[in-house]
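Student: Handing you this structure, nothing more for now.
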Amino acid sequence: MASGTGSDTPASGEQTFGSGDKTFYVTTPIYYVNDAPHIGHAYTTTAGDVLSRWHRQRGESVWFLTGTDEHGQKVMRSAEANGTTPQEWTDRLVESAWKPALITIDAANDDFIRTTEKRHTERVQEFWQRLHDAGEVYKGSYEGPYCVGCEEFKLPGDLVDGTGEYEGQQVCSIHGRPVEYIAEENYFFRMSKYAERLLEHYEAHPEFVQPATARNEVVSFVRQGLVDLSISRSSFDWGIPIPWDSKHVLYVWIDALLNYATAVGLDSPSAQDKEKFGRIWPADVHLVGKDILRFHAVIWPAMLMAAGLPLPKTVFGHGWLLVSGEKMSKSRLTGIAPHQITDHFGSDAFRYYFLRAIPFGQDGSFSWEDMAARYTSELANDYGNLASRVAAMVGRYFGGVLPEAAEQGPAEQAIVDALAATVAGADEKMCALDFQGGIAAIFDFIKLVNGYLTEQEPWKVAKSQDEASQARLATILYTAAESLRAVAVLLNPVMPKSSAALWESLGAEAALGALAGQRVQDAGRWGLLPAGSTVTKGAVLFPRLEEPAAA
RNA sequence: GGGGCGGUAGCUCAGCCGGUUAGAGCAGAGGACUCAUAAUCCUUGGGUCGUGGGUUCGAGUCCCACCCGCCCUACCA
């Protein structure tokens, strides 16, 4: 977790790829505590975790933030329904559900922010006070249909005719529940005046909103013009009070978005926080589900522009997980809890599957059967088995001591070359958030090594005791083991547990040090794993799983 | 209502600006091998390319209409 303070650089020194002192900053959305964590949330967090681990593996300074969004009417009401206070309610949910979900998927976040924390609420108040003082906020009133589920006022077009028990009423098209008519005084943020600047920004920075399809939607939305944004509510009090008018609380989104800045020290008086903010801000990547893309690609940058703060580099809207063709829904109880999957497949497989099987940015269908098939074919058969057969042969033929390679032939050179290409390709793709492509590149290499072994038939070579054969055998097994050394490094960000097991199995730490200290940039350098390393055949990396548990 | 995306082998999907026998992975079938997690490697794909028209010497690949699913956006007060 939080590595604390100061400008901590990686222990192994050598700061690479000089993007100055800027820390690579990745965020997930802060999740609304009222929902139960499901694999859709875990998907975003996994992506953020893999991305941040990848950059750490590159030797960069990285900050990975996640957290919870805890204000708003929906939370307040469910707290009431559960006979408790909102604060107690959120405390309970955060501790019992949200933080454990991070452990479930083996996420290594640097910080976890809750919007009920003082470091957030105080800074949010200051932020809006400043915008208010600067004339960016004015008082107005608003009247209209309000959906408690969405926490927002709806336009007539957002409503549909109700069915069933709500027959004859107008209901929210998203939640299918009746809206309430609310009239209240509100404060408004002059967002409309930023439309032009936003469009200029989209134009000048095409990478700001990704993928391109999402960007196009955002651009066409803003082109139609923006209206000023209501930023307060006065009909309930579970929120951050507006400092100049405590009858109002800030609209939950307006409060929540600021977490990305408050968590890294925005406006904090402490010198330490100032330094931290200067080093980390702005975010390099905000990962969001495409449903909340607009908040992040329109409202959020407009807020930052108003405050004169630098904008994040990229907001990436990823796709939905579809379960039997339908979007997994928070409000329709089709959500699958992450532990239902990790209990059976483990966290490594969870992380692997969702990033490997689904192009990030597109919707992807999830099914237990597909996951089981990929687990067996790709993780157990291709990858795990390769590690097993190599370790077994080094054990059987060389007593577990990695032999020195003799002369390399064309077959070995092909592996060496392929590895270099794999590292370069995977690095490029992972940095571009093409997790599917990056992981596929690594696994193509694994398949190649399997093929290499089958062709070289070391078990046959081993039958001859003459020196040439033994040298040849040594070369083959060294080549395979050294390939696995690189694979362990490349897969460490994706599957930390099995990668650690492989590192251990290869006896790599003795000579090379901790796995976390290996650089992606060096992973393709041949011959790093020294002869003499102690190779042991540990537990299999991905045991075959028998009964697919009931989905 | 506009706009966009998708509908291709059992499954998940590739197929760029139209051109010889429509591809990959997985599953299935056959073979090789035995170091390994009954794993690996090789070989193997007779699919109305949603439907109906059209353009063209030639169309999943362009045009029109329609059907299905999804997304964005808007209005008939």
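Each chain in the structure tokens gets a letter, A, B, ..., in the order shown, and its residues are numbered from 1; ligands are numbered from 1 in order too.
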Please build the interface table for chain A against chain B with a cut-off of 8 Å, listing for each qualifying residue the nearest atom pair and the distance in Å to one decimal; count only C-alpha atoms (C1' of nucleotides), order rows by chain and increasing number, and write it as a Markdown table.

Tutor:
| residue | atom | partner | partner_atom | distance |
| --- | --- | --- | --- | --- |
| A:Glu217 | CA | B:C72 | C1' | 6.3 |
| A:Phe221 | CA | B:U73 | C1' | 7.9 |
| A:Ala373 | CA | B:C26 | C1' | 7.2 |
| A:Arg374 | CA | B:C26 | C1' | 7.7 |
| A:Ser377 | CA | B:C26 | C1' | 7.9 |
| A:Ala380 | CA | B:U37 | C1' | 6.6 |
| A:Asn381 | CA | B:A39 | C1' | 5.8 |
| A:Gly384 | CA | B:U37 | C1' | 7.3 |
| A:Asn385 | CA | B:U37 | C1' | 5.7 |
| A:Leu386 | CA | B:A36 | C1' | 7.1 |
| A:Ser388 | CA | B:A36 | C1' | 5.7 |
| A:Arg389 | CA | B:A36 | C1' | 3.9 |
| A:Val390 | CA | B:C35 | C1' | 7.4 |
| A:Ala392 | CA | B:C35 | C1' | 6.9 |
| A:Met393 | CA | B:C35 | C1' | 5.7 |
| A:Asn450 | CA | B:U40 | C1' | 6.7 |
| A:Gly451 | CA | B:C41 | C1' | 6.2 |
| A:Thr454 | CA | B:C41 | C1' | 5.8 |
| A:Glu455 | CA | B:C41 | C1' | 7.5 |
| A:Pro458 | CA | B:C35 | C1' | 7.3 |
| A:Trp459 | CA | B:C35 | C1' | 5.6 |
| A:Val540 | CA | B:U37 | C1' | 6.8 |
| A:Phe542 | CA | B:U37 | C1' | 7.7 |
| A:Pro543 | CA | B:U37 | C1' | 6.0 |
| A:Arg544 | CA | B:U37 | C1' | 6.2 |

Student: Quote the spacing between atom CA of Gly527 of chain A and atom CA of Leu484 of chain A in Å to one decimal place.

Tutor: 11.5 Å

Student: Which residue is closest to C57 of chain B? Choose from B:A77, B:C42, B:G28, B:G19 and count only C-alpha atoms (C1' of nucleotides).

Tutor: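 Looking at the shortest contact to C57 of chain B, the residue is B:G19.
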
Student: Just list the residues in segment 360-397 of chain A DSSP gives helix (DSSP H, G or I) on the backbone, as a PyMOL selection string.

Tutor: chain A and resi 368-397

Student: Selected residues, C-alpha atoms, written as a PDB file, in the first residue's frame, please.

Tutor:
ATOM      1  CA  TRP A 368     -17.634 -18.987 -17.119  1.00  0.00           C
ATOM      2  CA  GLU A 369     -17.104 -21.481 -19.911  1.00  0.00           C
ATOM      3  CA  ASP A 370     -14.897 -19.148 -21.886  1.00  0.00           C
ATOM      4  CA  MET A 371     -12.858 -18.335 -18.847  1.00  0.00           C
ATOM      5  CA  ALA A 372     -12.451 -22.008 -18.011  1.00  0.00           C
ATOM      6  CA  ALA A 373     -11.425 -22.749 -21.589  1.00  0.00           C
ATOM      7  CA  ARG A 374      -8.803 -20.027 -21.625  1.00  0.00           C
ATOM      8  CA  TYR A 375      -7.543 -21.001 -18.219  1.00  0.00           C
ATOM      9  CA  THR A 376      -6.989 -24.566 -19.312  1.00  0.00           C
ATOM     10  CA  SER A 377      -5.605 -23.890 -22.746  1.00  0.00           C
ATOM     11  CA  GLU A 378      -3.520 -20.799 -22.208  1.00  0.00           C
ATOM     12  CA  LEU A 379      -2.556 -20.711 -18.560  1.00  0.00           C
ATOM     13  CA  ALA A 380      -2.356 -24.374 -17.613  1.00  0.00           C
ATOM     14  CA  ASN A 381      -1.421 -26.073 -20.883  1.00  0.00           C
ATOM     15  CA  ASP A 382       0.670 -23.476 -22.669  1.00  0.00           C
ATOM     16  CA  TYR A 383       2.267 -21.491 -19.898  1.00  0.00           C
ATOM     17  CA  GLY A 384       2.177 -23.538 -16.703  1.00  0.00           C
ATOM     18  CA  ASN A 385       3.095 -26.732 -18.435  1.00  0.00           C
ATOM     19  CA  LEU A 386       6.039 -25.094 -20.151  1.00  0.00           C
ATOM     20  CA  ALA A 387       7.400 -24.029 -16.794  1.00  0.00           C
ATOM     21  CA  SER A 388       6.871 -27.533 -15.482  1.00  0.00           C
ATOM     22  CA  ARG A 389       8.580 -29.367 -18.286  1.00  0.00           C
ATOM     23  CA  VAL A 390      11.605 -27.087 -18.247  1.00  0.00           C
ATOM     24  CA  ALA A 391      12.057 -27.332 -14.509  1.00  0.00           C
ATOM     25  CA  ALA A 392      11.529 -31.076 -14.624  1.00  0.00           C
ATOM     26  CA  MET A 393      14.199 -31.561 -17.266  1.00  0.00           C
ATOM     27  CA  VAL A 394      16.762 -29.341 -15.594  1.00  0.00           C
ATOM     28  CA  GLY A 395      16.071 -31.371 -12.483  1.00  0.00           C
ATOM     29  CA  ARG A 396      16.280 -34.727 -14.147  1.00  0.00           C
ATOM     30  CA  TYR A 397      19.235 -34.126 -16.436  1.00  0.00           C
TER      31      TYR A 397
END

Student: Contacts of Ile231 of chain A at 8 Å or less, counting only C-alpha atoms (C1' of nucleotides), minus same-chain residues fewer than 4 places along, as an mmCIF file with N, CA, C and O atoms, in the first residue's frame?

Tutor:
data_model
loop_
_atom_site.group_PDB
_atom_site.id
_atom_site.type_symbol
_atom_site.label_atom_id
_atom_site.label_comp_id
_atom_site.auth_asym_id
_atom_site.auth_seq_id
_atom_site.Cartn_x
_atom_site.Cartn_y
_atom_site.Cartn_z
ATOM 1 N N ASN A 186 -30.321 26.286 -6.511
ATOM 2 C CA ASN A 186 -29.063 25.609 -6.766
ATOM 3 C C ASN A 186 -27.984 26.623 -7.053
ATOM 4 O O ASN A 186 -28.269 27.747 -7.460
ATOM 5 N N TYR A 187 -26.793 26.156 -6.876
ATOM 6 C CA TYR A 187 -25.676 26.920 -7.388
ATOM 7 C C TYR A 187 -25.243 26.285 -8.689
ATOM 8 O O TYR A 187 -25.327 25.066 -8.854
ATOM 9 N N PHE A 188 -24.827 27.135 -9.597
ATOM 10 C CA PHE A 188 -24.447 26.638 -10.915
ATOM 11 C C PHE A 188 -23.002 27.010 -11.231
ATOM 12 O O PHE A 188 -22.554 28.115 -10.915
ATOM 13 N N PHE A 189 -22.360 26.078 -11.847
ATOM 14 C CA PHE A 189 -20.998 26.301 -12.337
ATOM 15 C C PHE A 189 -21.108 26.744 -13.791
ATOM 16 O O PHE A 189 -21.830 26.130 -14.576
ATOM 17 N N LEU A 250 -22.721 19.919 -1.877
ATOM 18 C CA LEU A 250 -22.277 19.786 -3.262
ATOM 19 C C LEU A 250 -22.878 18.542 -3.905
ATOM 20 O O LEU A 250 -22.988 17.482 -3.276
ATOM 21 N N TYR A 251 -23.255 18.694 -5.128
ATOM 22 C CA TYR A 251 -23.713 17.559 -5.930
ATOM 23 C C TYR A 251 -22.608 16.507 -5.921
ATOM 24 O O TYR A 251 -21.424 16.812 -6.055
ATOM 25 N N ILE A 254 -19.704 16.425 -8.431
ATOM 26 C CA ILE A 254 -18.815 17.578 -8.337
ATOM 27 C C ILE A 254 -17.812 17.406 -7.201
ATOM 28 O O ILE A 254 -16.660 17.832 -7.272
#

Student: By how many Å are atom C1' of G2 of chain B and atom CA of Asp363 of chain A apart?

Tutor: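 Computed distance, atom C1' of G2 of chain B to atom CA of Asp363 of chain A, equals 24.2 Å.
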
Student: Among segment 195-384 of chain A, which residues carry a DSSP assignment of strand (DSSP E), reported as JSON, numbers by chain?

Tutor: {"A": [209, 210, 229, 230, 232, 233, 241, 242, 245, 246, 247, 248, 249, 250, 285, 286, 287, 288, 289, 314, 315, 316, 317, 318, 321, 322, 323, 326, 327, 364, 365, 366]}
